[in-house]
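Chemist: Here it is, the structure, as structure tokens.
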Amino acid sequence: MWAGILLSLRQELIVTGIIFFLLFMKVGATEYKTGVVLNWVNVLLLANFVLGFFPVSDATLFSGMFHTNKLIVLEKNILNLGTLIVSLQAYSWLKDHRQVQEFYILLLATLVGFFFMISAGNLLMFYLGLELSTIPLTALSSFDLEKRQSSEAAMKFILSSAFSSALLLFGISLLYGATGTLAFDGIAQRLDGSAFQLFAFILILSGFGFKISAVPFHLWTADVYEGSPVTVTAYLSVVSKGAMFFIFIQALYTVFKPLAGNWYRILVLLSVLTMVVGNLFALRQDKLKRLLAFSSIAQSGFLLAGITGSSRTGEASVIYFILVYIFSNLGAFGVVSLISAQTGKESINDYKGLYASNPLLSWVMAISLFSLAGIPPTAGFFGKFFLLMAGAGKGNYVFIGIAALNMVISLYYYLRVIKAIFMDSQPQPIGKLKIPILPSIAFLICVAGIIMTGLIGWIYDYIYSLSIGI
Amino acid sequence: MNLSFLVLVPLITAVAVLFCRGLNGIRWVSLAGATVQLLLSFGLLALYWRERAAGNGTAMLFEYRHAWFPSLNIWYHLGVDGISIAMILLTAFVMEAAILVSWKVERMGKEFFVLLLLLSAGAYGFFLSLDLFTLFFFLEVSVIPKFLLIGIWGSGRKEYSAMKLALMLMGGSALVFIGLLGVYYNTGGAGGPHGFDWQAIAQMHLPAEVQRRFFPFLFVGFGIFTALFPFHTWVPDGHSSAPTAASMFLAGISMKLGGYGCLRVAVYLMPDAARYYSPIIILLATIAIVYGAFATMMQKDLKYINAYSSISHCGFILLGIGMLTQTAITGAVIQMISHGLMTALFFAAIGMIYDRTHTRLVERLGGLLKIMPFFSTVFVIAGLCSLGLPGLSGFVAEMTVFMGSWQHAGEMYRLATILACASIVITAVYILRATGQTIMGPVKDPHYNGLADATWNEKLAGVLLVVGIIAIGIAPFWLSDLLTSGVSVIMGHVEKAIIAGKAVIIKK
Amino acid sequence: MSQVPLSHILIVSTALFFIGMYGLFTRRNMITMLMSVELLLNSVNINFVAFNKYLYPDKLEGVFFTLFIIAIAAAEAAVTIAIIINLYRNFHSIDVEATGEMKF
Amino acid sequence: MPNYAYIALIPLLPLAGFVVLGLFGRRCFRHFSGLIGTGLVLVSTALALWVAYQYFFGTGHTALAFRSHPLIMLKADWLPFSPHLSIDLSAIIDPISVMMIAVVSFISLMVHIFSLGYMKGEERFATYYAFLGLFTFSMLGLVLSGNLFETYIFWELVGCSSFLLIGYYYERPTAVAAAKKAFIVTRFADLGFLVGILILSFQAKTLDFNMLIVQLLDPRLPHTTFLGISLLSWGLFLIFIGGAGKSAMFPLHIWLPDAMEGPTPVSALIHAATMVVAGVYLVARLYVLYGSDPGVLQIVLYVGAFSALLAAIIACTQTDIKRVLAYSTMSQIGYMMFALGSYGYTASIFHLFTHAFFKALLFLCAGVIIHQVQSNEIKGMGGLRKTMPLTHVCFLVACLAIAGIPPFSGFFSKEDILLAAYQANKLVYLLGLFTSGLTAFYMFRLYFSIFWNKPSERHPHKMPLVESIPLVILALGAAFAGFIPFSRLMNPDGAPEATHGISGMAIAPVALALLGIGIAAYLYGKESDRPAKVVAAVRGFYTFAYHKFYIDEVYSFITKKIIFNLIGRPAAWIDRNIVDGLMNLLAAVTARISAGIKGFQSGKVQDYALYFFAGIAGLTVLFIYIYT
Amino acid sequence: MSASAVVFYILSFFILGTGLLAVTSRKIFRSAIWLLFSLTGIAGLYFWLQMEFIAAVQIVVYVGGIVVLIIFSIFLTQQSGKDLPAPVRKRAIFSGSVVCAGFVLTCLLLRYPFRPLGHPVAGAGLENMGATASVGNIGAQMLSTSEYGYVLPFEVISILLLAAMIGCIVIAIKIKPEDK
């Protein structure tokens with residue numbers, strides 16, 4: 001029995017193991033070189049990612065507090081992949097940072113948090129996972145200790161997240177009061193659409209909305225993304241958001257299934273708001289990180305649109321899009337982090353004439369941005385297409401029309417960046433940059449992912465075959 | 001033959017170009033690719049004729065299906081009929097010529113050719129695909145290359161134009177997207193699987209109210225690509241700022257994507273709605289024709305002249321489609337081909353002249369016939385084709401459209417037809433003014449005298465297109481014969497719809 | 001205690017919750033904002049305990065939840081204070097109004 | 001009956017000439033190009049004459065049944081529109097088409113030969129012959145085509161080649177302008193033709209001439225009307241507009257005088273003998289239909305008569321030799337038109353026939369003269385009778401012919417016309433009579449002021465044989481073509497008309513012609529101030545006529561001021577500023593909104609928390625209390 | 001009304017009053033003390049609810065831990081005795097109204113028919129050991145893996161505390177110049 005338990009918990013255990021390994025490395029007598037540590041960590045993460053695919057049967061452990069199945073394993077693998085890419089790209093930033101081990105300990109702690117959150121079968125576990133992933137993240141976001149912006153970001157992040165988790169807890173407590181249980185299945189049984197329960201639901205929803213930065217709970221996003229170190233921002237924007245969407249869609253499709261009629265309307269509203277506001281703000285940004293922050297807000301609007309489909313297609317397309325989004329967004333953030341680590345430049349105007357000096361980086365950036373904009377043959381096109389297709393399943397074409405027009409708006413600001421890179425020029429452009437080996441591997445993965453994920457049809461079909469729908 | 005070749009050849013060529021070093025290598029490789037493509041297209045035509053001669057009456061030939069996203073019933077599904085073969089031939093011709101004229105591209109040559117080839121791959125895929133998803137995929141593929149080609153190698157307000165073009169076309173495809181989703185979710189009837197296979201959809205005959213709801217999305221969406229008034233404003237800026245090859249492709253092929261889509265998707269899948277909206281279509285098309293022609297008269301820049309005249313000419317396409325008669329639709333398709341060749345030729349000539357004189361302003365040029373007889377001849381031929389001189393393709397296309405439109409008895413339709421006919425006089429006016437001022441007359445600028453005439457590649461490009469134009473102009477029967485079967489399939493649906501509509505009316 | 005209806009306890013906790021929220025909105029000193037957060041969490045705790053005691057006494061879910069919340073609150077407070085101190089080093093002030101570098 | 005398959009060669013040989021010379025002429029054989037072109041045309045002329053002989057005098061062809069309905073052959077499906085409606089390429093064989101191919105090829109041959117000398121040493125000699133070939137091809141195709149749409153095709157081609165030839169000296173802005181004008185004006189007329197075709201084809205469900213006529217005369221045809229006039233009449237009228245445009249009838253005549261910018265042989269060929277009579281040919285081709293529709297025929301009648309008079313008056317005032325000839329052409333075509341209008345089918349065709357000879361001759365002589373004096377102005381000329389005797393004689397013959405002095409060809413045809421007019425409409429008859437007088441006057445004004453008027457000194461300039469031969473041949477034609485028993489060969493229904501010899505009717509016109517000649521001799525016989533006096537007497541009218549009644553000015557006002565300024569410019573402006581402005585406005589509005597809402601991202605964490613909770617409250621209120 | 005009820009109402013007034021003072025007082029040090037009182041009051045409330053263990057934890061963690069931490073941080077960051085800056089007027093008004101509205105809304109929603117499941121435990125309910133919040137009981141459940149066992153959350157939170165600790169160290173540690 002223990003073997004079975006350990007096996008089902010293996011992803012969490014491996015990551016925890018890495019954490020302790022790093023801890024011992026740190027506290028041990030010998031002082032390791034940063035480069036060595038980085039190589040070790042990346043190798044371990046790679047191993048972790050590979051082991052993740054080791055097949056294992058579905059299981060429900062600890063009286064339903066922890067449950068796992070193929071889909072959840074897949075989701076965790078996706079998160080592993082994201083983390084791996086992020087850490088590969090972090091190289092150029094971390095290699096002259098003193099506290100690498102601490103960085104990774106915190107990062108992986110959040111990863112464990114996400115894992116437990118995803119496979120939580122119980123509000124308590126969910127909450128613990130959430131906090132386990134949030135608190136270290138806030139610490140991470142002030143990891144540039146001397147940077148004013150970094151600490152400001154961290155402050156905003158922790159205060160807002162404390163507030164939002166307080167509201168979430170309030171909602172959970174009310175839900176507990178109304179249903180008398182914390183177990184998901186128990187709650188699902190006792191839900192009737194009464195006003196009190198709806199209120200509790202909306203409070204919990206706001207907790208989710210905070211993490212997936214849905215308007216109007218998104219306001220922390222831009223500042224935190226801008227202030228935090230690029231690596232942390234990348235992690236926030238893909239892994240954290242992705243994990244949140246995984247659990248969110250589970251919660252909506254299973255726990256709050258009885259309220260589907262209600263949350264459909266709410267989600268449509270949130271989705272429209274999120275897309276529109278995200279795009280409108282992104283239009284006027286000149287700092288690349290901030291622009292990407294708002295673009296990621298808009299992207300979650302599209303994801304919400306996918307969720308509203310409340311069908312098997314919806315679930316599959318959301319998970320698929322997260323995968324695609326990891327590749328695309330990390331491609332973009334990778335370039336940004338490389339450049340900002342080597343030159344400290346982060347505004348669009350600095351990127352003018354980049355193509356002349358760094359064609360490779362420029363193409364990576366371009367492909368990622370086109371994928372974000374959802375233009376074929378990049379995978380982003382398929383992702384967006386399926387999301388909106390799922391959304392249209394409900395027959396609400398006005399909503400889908402707004403979404404489609406938002407795709408046009410978003411194209412504008414992505415093209416602005418492309419224009420700066422390829423068409424404009426400036427007196428002192430960014431010089432030729434050397435791309436270290438690890439980041440270049442990351443770029444390779446991203447680009448390959450962007451091209452392949454869409455054109456190879458079975459990836460989506462595999463996800464579809466795993467997903468349950470509502 | 002496996003139609004995927006037609007999509008793969010340009011891609012393979014592009015990859016090959018990526019790996020060659022030295023401008024010459026790049027040029028020759030891409031030229032070779034384009035030539036292979038041209039030959040393939042001719043082969044396709046031959047095979048098609050053989051099949052038909054063998055009595056193969058199926059609507060679509062050489063179908064190739066491969067499950068792409070089975071869970072969503074999305075297929076990678078290719079197939080051709082006469083119409084698509086004609087469009088593919090057109091694309092092949094224009095591509096060959098485009099690569100020939102862009103021989104002189106020095107700056108970032110590799111990127112240029114790669115993008116051009118990607119663009120063409122998109123167009124081929126579009127004309128080949130029988131699955132709406134595949135079609136949409138290929139429709140949008142072309143957005144990136146267009147944007148980059150115009151923005152990087154363009155002239156004038158290139159960034160603005162590139163941005164405008166990209167956004168407006170994206171808007172168009174957004175509308176198309178909504179229409180497609182609407183179609184998708186109304187297929188399969190009760191509980192059956194939804195699908196994108198357009199033949200199947202056409203067979204199942206979507207309910208009338210669905211058609212009326214989604215037809216505008218599809219038609220306007222595709223219409224934006226083919227300069228439907230009032231969404232045509234990307235055309236002048238886009239065409240005039242684009243580099244020669246790109247404007248050839250834009251005006252020659254990309255605008256045809258829209259017309260093809262309007263015909264193949266909008267009208268074919270939603271005949272009832274097509275009938276219902278045809279007065280509006282006719283109205284917009286007529287406005288585009290007349291107003292475009294008048295606006296052209298006032299232009300000073302050769303590229304603007306051609307761009308606006310494209311608006312006017314593409315109006316004929318929409319007019320023909322909107323008239324919903326066999327002849328008119330055939331005419332519309334012929335007009336697509338003819339305008340594709342003609343405008344490509346025009347832009348080629350303009351581009352070559354611009355390379356030498358570095359101006360496109362009519363009042364600056366003059367007496368070019370003395371200096372560059374080849375360009376001038378090409379230019380004049382293009383002009384005569386555009387004003388519909390018999391023996392050149394333009395005449396065939398326009399006359400077919402007029403004939404067909406006149407079949408549609410009805411005061412308003414007749415009026416529209418007459419106005420359209422009148423536009424050919426205006427066309428004559430602006431074409432002759434342009435020709436008279438640039439080609440004929442005394443040489444305005446003394447140091448034009450030293451300028452050289454065409455090099456071999458430019459000559460080849462010009463000849464290629466001229467041959468195409470004349471081949472249609474003096475022997476149109478093969479083309480119309482090629483198109484008949486495809487068009488009559490569409491018309492079959494339209495007539496069924498008309499009967500069905502009558503039946504509904506009778507019931508009421 | 002059985003004479004006091006549950007709703008009164010809930011009203012108390014809700015009141016405490018909104019008091020805390022008011023503090024969070026208005027206090028410009030970050031540490032006082034942190035205090036307000038603690039109030040919020042405590043009101044939640046009261047809710048859990050009360051519900052558990054009054055409605056579902058045969059299990060201790062609420063109680064356990066409370067325990068975990070308390071623990072997490074401690075951790076959160078610690079991290080927050082660490083962040084605030086670091087921020088104080090950079091800004092030489094812990095007035096939230098002073099930290100508005102990133103906006104719009 | 002013999003087969004006429006070889007008739008296809010007649011147009012195709014010149015086409016071959018065009019292709020060969022056009023592609024390789026400049027490079028390969030620029031000096032023989034003239035000979036090549038001429039040779040080809042020579043062959044097709046021979047064929048044409050053979051056809052004519054076979055047709056008119058061949059065995060068994062005089063049979064009425066054969067003449068009466070045209071023979072359509074070599075039918076090839078060119079562009080099918082719908083099962084029954086298609087553009088065929090086919091050749092029609094009936095009296096007029098046969099006559100026309102003979103005339104066209106013959107005149108064209110003459111011009112080809114003449115040009116060998118005349119255009120020698122031109123820069124674009126080969127191109128010139130290529131264009132001539134193109135024109136000959138199109139003109140022959142036009143007269144041979146057995147399908148209404150086919151006619152239109154060649155109609156356009158003819159216009160194009162005329163454009164190319166007028167613009168032959170493309171470096172002269174005037175030439176370019178003239179070419180443009182010719183093309184655009186005729187194009188405008190062709191619009192009428194096109195719509196007419198659409199109407200007729202829709203009515204008749206066919207485009208083939210024979211079928212067309214049969215269908216349209218079918219009484220069972222549904223009689224649809226537009227604005228109270230039957231569609232058939234509309235169609236015929238619109239087609240006549242097309243014809244009027246090509247044949248320079250008022251008010252579409254303005255292009256013809258300017259067209260004289262082209263090389264003189266071209267004017268002889270296109271703008272005197274062949275193309276300009278295409279309108280007449282068109283009406284004649286559909287004559288049965290026109291005959292069935294008196295209303296339209298009236299229009300034809302009056303337009304013709306008025307144009308004839310107008311042109312004659314203007315011709316009296318012009319001083320450019322070619323312009324005078326141009327106006328006289330217009331006037332003569334006016335004759336043909338009103339002949340048709342007054343059921344004088346045969347007469348009109350007859351006049352077309354004779355006119356071809358003497359007008360071509362006149363132009364060629366004018367060409368020779370212009371080369372001699374290096375100017376078009378008759379002021380500079382005078383007393384050339386001794387310097388160029390041959391030209392003098394030919395010119396005189398032509399003048400006599402056009403003036404209608406017996407026994408020259410013009411006399412017979414013109415007299416037939418006047419007879420027809422007399423039977424049809426007295427007013428028109430008087431106009432015609434007056435015009436014939438004027439004709440004699442201005443022609444001899446020209447003649448005298450060129451050849452007499454000044455004392456002439458003899459140093460005869462020698463003319464190359466290639467130039468003199470055509471002159472002589474044409475002179476013979478102009479002199480004796482009248483004796484051909486035309487009326488027996490040609491008439492609308494094939495039945496031979498009772499030919500009348502010299503009847504009393506002939507006296508008046510001849511007398512008037514002589515009077516005109518007399519006046520001309522008196523005024524311009526020798527240098528004097530008499531013309532000035534006369535002009536002074538009618539100053540106002542003279543200037544008015546001298547400026548062609550300001551018709552050109554009216555046109556240019558309409559086009560430049562009204563169309564360009566009131567339609568074109570606004571359209572262009574609207575497009576840039578309003579339609580495009582809307583698109584830009586959308587973008588601007590979006591930007592404004594995004595600037596407007598930026599305040600929410602205030603950078604104050606407390607605001608964020610506040611909005612956060614406000615959002616929750618909003619959602620709660622919205623979805624709990626409003627939508628439930 | 002019975003004594004316990006009276007006790008309850010006094011307690012709740014104490015809690016709310018001190019809480020309100022804690023968030024409004026202009027002297028930061030005092031507001032810390034008010035918070036301390038308020039938390040202690042809550043501990044009292046737990047006693048009143050016969051949740052002794054929770055009360056104890058409350059005292060230990062909050063009063064003994066967090067508040068002390070807060071006071072230390074006040075010493076670190078604040079020169080005491082100086083008044084806090086007054087809240088921004090506009091925001092104060094707006095948030096005051098929002099909070100009141102929220103409070104009213106929530107109270108309205110609290111009128112929800114809570115259905116008790118299982119029987120309330122009267123006094124020291126010895127009926128079902130599973131339910132009484134005795135220390136032993138809680139400890140047993142905390143570490144049991146069986147039904148209602150909380151070992152997994154226990155482990156998870158250990159990781160969380162570890163991470164939080166490391167985070168605090170990393171952030172708050174004073175980096176000596178020569179290390180940079």
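Identifiers for the structure tokens are assigned positionally: chains receive A, B, ... in sequence, residues are indexed from 1 per chain, and ligands are indexed from 1 in the order shown.
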When the cut-off is 12 Å and we count only C-alpha atoms, which residues of chain E are near chain D, given as a compact mmCIF listing (two decimals) with N, CA, C and O atoms, in the first residue's frame?

Modeler:
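Output (result.txt):
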# COMPACT_ATOMS: atom_id res chain seq x y z
N PRO E 87 -5.31 58.95 6.82
CA PRO E 87 -5.70 58.30 5.57
C PRO E 87 -6.15 59.31 4.54
O PRO E 87 -6.62 60.40 4.86
N VAL E 88 -5.99 58.95 3.28
CA VAL E 88 -6.42 59.83 2.19
C VAL E 88 -7.93 60.01 2.30
O VAL E 88 -8.67 59.03 2.38
N LYS E 90 -10.42 60.99 0.37
CA LYS E 90 -11.36 60.45 -0.62
C LYS E 90 -11.49 58.93 -0.43
O LYS E 90 -12.58 58.39 -0.29
N ARG E 91 -10.33 58.30 -0.32
CA ARG E 91 -10.38 56.84 -0.22
C ARG E 91 -11.08 56.42 1.06
O ARG E 91 -11.89 55.49 1.06
N ALA E 92 -10.82 57.19 2.16
CA ALA E 92 -11.45 56.82 3.43
C ALA E 92 -12.96 56.82 3.28
O ALA E 92 -13.65 55.86 3.61
N ILE E 93 -13.47 57.88 2.67
CA ILE E 93 -14.94 57.96 2.53
C ILE E 93 -15.44 56.81 1.67
O ILE E 93 -16.29 56.01 2.04
N PHE E 94 -14.77 56.68 0.52
CA PHE E 94 -15.25 55.68 -0.43
C PHE E 94 -15.21 54.30 0.19
O PHE E 94 -16.22 53.57 0.24
N SER E 95 -14.04 53.98 0.81
CA SER E 95 -13.94 52.62 1.34
C SER E 95 -14.88 52.44 2.52
O SER E 95 -15.49 51.38 2.66
N GLY E 96 -15.06 53.50 3.31
CA GLY E 96 -16.04 53.40 4.40
C GLY E 96 -17.39 52.99 3.86
O GLY E 96 -18.00 52.01 4.30
N SER E 97 -17.82 53.69 2.81
CA SER E 97 -19.15 53.37 2.28
C SER E 97 -19.17 51.96 1.72
O SER E 97 -20.08 51.17 2.00
N VAL E 98 -18.11 51.62 0.96
CA VAL E 98 -18.08 50.27 0.38
C VAL E 98 -18.17 49.23 1.49
O VAL E 98 -18.96 48.29 1.42
N VAL E 99 -17.38 49.44 2.54
CA VAL E 99 -17.36 48.45 3.62
C VAL E 99 -18.73 48.33 4.25
O VAL E 99 -19.25 47.23 4.44
N CYS E 100 -19.34 49.49 4.51
CA CYS E 100 -20.69 49.41 5.12
C CYS E 100 -21.62 48.65 4.20
O CYS E 100 -22.35 47.72 4.61
N ALA E 101 -21.58 48.99 2.93
CA ALA E 101 -22.46 48.31 1.98
C ALA E 101 -22.20 46.82 2.04
O ALA E 101 -23.13 46.00 2.17
N GLY E 102 -20.90 46.45 2.02
CA GLY E 102 -20.57 45.04 2.04
C GLY E 102 -21.11 44.37 3.29
O GLY E 102 -21.69 43.29 3.25
N PHE E 103 -20.95 45.08 4.40
CA PHE E 103 -21.41 44.49 5.67
C PHE E 103 -22.91 44.23 5.61
O PHE E 103 -23.38 43.13 5.88
N VAL E 104 -23.65 45.25 5.17
CA VAL E 104 -25.11 45.09 5.10
C VAL E 104 -25.45 43.92 4.20
O VAL E 104 -26.22 43.02 4.54
N LEU E 105 -24.82 43.91 3.03
CA LEU E 105 -25.09 42.86 2.06
C LEU E 105 -24.86 41.50 2.69
O LEU E 105 -25.74 40.62 2.68
N THR E 106 -23.69 41.34 3.33
CA THR E 106 -23.37 40.03 3.90
C THR E 106 -24.37 39.66 4.98
O THR E 106 -24.86 38.53 5.03
N LEU E 108 -27.39 40.56 5.21
CA LEU E 108 -28.65 40.14 4.56
C LEU E 108 -28.52 38.70 4.11
O LEU E 108 -29.42 37.87 4.33
N LEU E 109 -27.37 38.38 3.53
CA LEU E 109 -27.21 37.03 3.01
C LEU E 109 -27.11 36.00 4.13
O LEU E 109 -27.41 34.83 3.94

Chemist: Residues at most 8 Å from D:Met337, counting only C-alpha atoms, excluding those fewer than 4 positions away in the same chain, as a PDB file with all heavy atoms, in the first residue's frame?

Modeler:
ATOM      1  N   VAL D 280     -21.826  53.137 -90.863  1.00  0.00           N
ATOM      2  CA  VAL D 280     -22.771  52.904 -91.948  1.00  0.00           C
ATOM      3  C   VAL D 280     -22.949  51.421 -92.178  1.00  0.00           C
ATOM      4  O   VAL D 280     -24.065  50.901 -92.278  1.00  0.00           O
ATOM      5  CB  VAL D 280     -22.256  53.587 -93.244  1.00  0.00           C
ATOM      6  CG1 VAL D 280     -23.212  53.355 -94.377  1.00  0.00           C
ATOM      7  CG2 VAL D 280     -22.014  55.040 -92.983  1.00  0.00           C
ATOM      8  N   VAL D 300     -31.777  58.326 -87.446  1.00  0.00           N
ATOM      9  CA  VAL D 300     -30.630  58.143 -88.338  1.00  0.00           C
ATOM     10  C   VAL D 300     -30.667  59.216 -89.417  1.00  0.00           C
ATOM     11  O   VAL D 300     -29.689  59.924 -89.687  1.00  0.00           O
ATOM     12  CB  VAL D 300     -30.667  56.738 -88.968  1.00  0.00           C
ATOM     13  CG1 VAL D 300     -29.530  56.570 -89.957  1.00  0.00           C
ATOM     14  CG2 VAL D 300     -30.612  55.676 -87.892  1.00  0.00           C
ATOM     15  N   LEU D 301     -31.823  59.380 -89.980  1.00  0.00           N
ATOM     16  CA  LEU D 301     -31.988  60.345 -91.082  1.00  0.00           C
ATOM     17  C   LEU D 301     -31.519  61.725 -90.650  1.00  0.00           C
ATOM     18  O   LEU D 301     -30.611  62.308 -91.245  1.00  0.00           O
ATOM     19  CB  LEU D 301     -33.479  60.378 -91.452  1.00  0.00           C
ATOM     20  CG  LEU D 301     -33.910  61.367 -92.510  1.00  0.00           C
ATOM     21  CD1 LEU D 301     -33.282  61.014 -93.838  1.00  0.00           C
ATOM     22  CD2 LEU D 301     -35.413  61.387 -92.625  1.00  0.00           C
ATOM     23  N   VAL D 303     -29.888  62.838 -87.959  1.00  0.00           N
ATOM     24  CA  VAL D 303     -28.487  62.946 -87.529  1.00  0.00           C
ATOM     25  C   VAL D 303     -27.607  63.025 -88.750  1.00  0.00           C
ATOM     26  O   VAL D 303     -26.738  63.896 -88.874  1.00  0.00           O
ATOM     27  CB  VAL D 303     -28.105  61.734 -86.641  1.00  0.00           C
ATOM     28  CG1 VAL D 303     -26.604  61.685 -86.431  1.00  0.00           C
ATOM     29  CG2 VAL D 303     -28.822  61.814 -85.322  1.00  0.00           C
ATOM     30  N   GLY D 304     -27.862  62.131 -89.714  1.00  0.00           N
ATOM     31  CA  GLY D 304     -27.022  62.129 -90.915  1.00  0.00           C
ATOM     32  C   GLY D 304     -27.069  63.459 -91.624  1.00  0.00           C
ATOM     33  O   GLY D 304     -26.039  64.100 -91.884  1.00  0.00           O
ATOM     34  N   ALA D 305     -28.274  63.928 -91.865  1.00  0.00           N
ATOM     35  CA  ALA D 305     -28.416  65.159 -92.650  1.00  0.00           C
ATOM     36  C   ALA D 305     -27.732  66.306 -91.931  1.00  0.00           C
ATOM     37  O   ALA D 305     -26.918  67.043 -92.500  1.00  0.00           O
ATOM     38  CB  ALA D 305     -29.895  65.463 -92.830  1.00  0.00           C
ATOM     39  N   ILE D 333     -20.108  61.022 -95.027  1.00  0.00           N
ATOM     40  CA  ILE D 333     -20.713  59.923 -94.254  1.00  0.00           C
ATOM     41  C   ILE D 333     -22.116  60.319 -93.832  1.00  0.00           C
ATOM     42  O   ILE D 333     -23.045  59.514 -93.818  1.00  0.00           O
ATOM     43  CB  ILE D 333     -19.832  59.577 -93.045  1.00  0.00           C
ATOM     44  CG1 ILE D 333     -18.491  59.077 -93.535  1.00  0.00           C
ATOM     45  CG2 ILE D 333     -20.491  58.528 -92.197  1.00  0.00           C
ATOM     46  CD1 ILE D 333     -17.450  58.993 -92.473  1.00  0.00           C
ATOM     47  N   GLY D 341     -31.245  56.465 -93.740  1.00  0.00           N
ATOM     48  CA  GLY D 341     -32.436  56.921 -93.038  1.00  0.00           C
ATOM     49  C   GLY D 341     -33.623  57.056 -93.956  1.00  0.00           C
ATOM     50  O   GLY D 341     -34.770  56.918 -93.534  1.00  0.00           O
ATOM     51  N   SER D 348     -26.751  54.371-100.425  1.00  0.00           N
ATOM     52  CA  SER D 348     -25.787  54.642 -99.378  1.00  0.00           C
ATOM     53  C   SER D 348     -24.565  53.748 -99.542  1.00  0.00           C
ATOM     54  O   SER D 348     -23.427  54.203 -99.502  1.00  0.00           O
ATOM     55  CB  SER D 348     -26.452  54.414 -98.027  1.00  0.00           C
ATOM     56  OG  SER D 348     -25.511  53.959 -97.124  1.00  0.00           O
TER      57      SER D 348
END

Chemist: Using only C-alpha atoms, which protein or nucleic acid residues come within 8 Å of D:Leu157? Drop anything in the same chain fewer than 3 positions from it, and give the result as number ranges by chain.

Modeler: B: 389-390; D: 135, 138, 153-154, 160-161

Chemist: Could you dump the residues just selected with C-alpha atoms as a compact mmCIF listing (two decimals), in the first residue's frame?

Modeler:
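File selection-v9.txt, as written:
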# COMPACT_ATOMS: atom_id res chain seq x y z
CA LEU B 389 -9.55 45.31 -75.27
CA PRO B 390 -10.65 42.24 -77.22
CA PHE D 135 -5.87 47.51 -88.69
CA SER D 138 -9.53 44.06 -87.70
CA ILE D 153 -14.81 42.56 -80.82
CA PHE D 154 -13.40 43.75 -84.13
CA CYS D 160 -7.44 50.34 -80.84
CA SER D 161 -5.44 50.18 -84.03

Chemist: Can you pull out the residues contacting A:Trp458? Cut-off 7 Å, using only C-alpha atoms, and skip same-chain residues under 3 positions away; I want them as a list of chain:residue names.

Modeler: A:Asp461, A:Tyr462, B:Phe69

Chemist: Write the residues of the selection above to a file with C-alpha atoms, as an mmCIF file, in the first residue's frame.

Modeler:
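Listing of result_12.cif after writing:
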data_model
loop_
_atom_site.group_PDB
_atom_site.id
_atom_site.type_symbol
_atom_site.label_atom_id
_atom_site.label_comp_id
_atom_site.auth_asym_id
_atom_site.auth_seq_id
_atom_site.Cartn_x
_atom_site.Cartn_y
_atom_site.Cartn_z
ATOM 1 C CA ASP A 461 -6.565 14.578 -29.292
ATOM 2 C CA TYR A 462 -4.629 12.985 -26.436
ATOM 3 C CA PHE B 69 -8.129 16.763 -35.164
#

Chemist: Would you mind listing what lies within 10 Å of B:Leu39 as a list in words, with only C-alpha atoms counted and same-chain residues fewer than 5 positions away left out?

Modeler: Gly33, Ala34, Leu44, Leu45, Leu89 and Ala92 of chain B
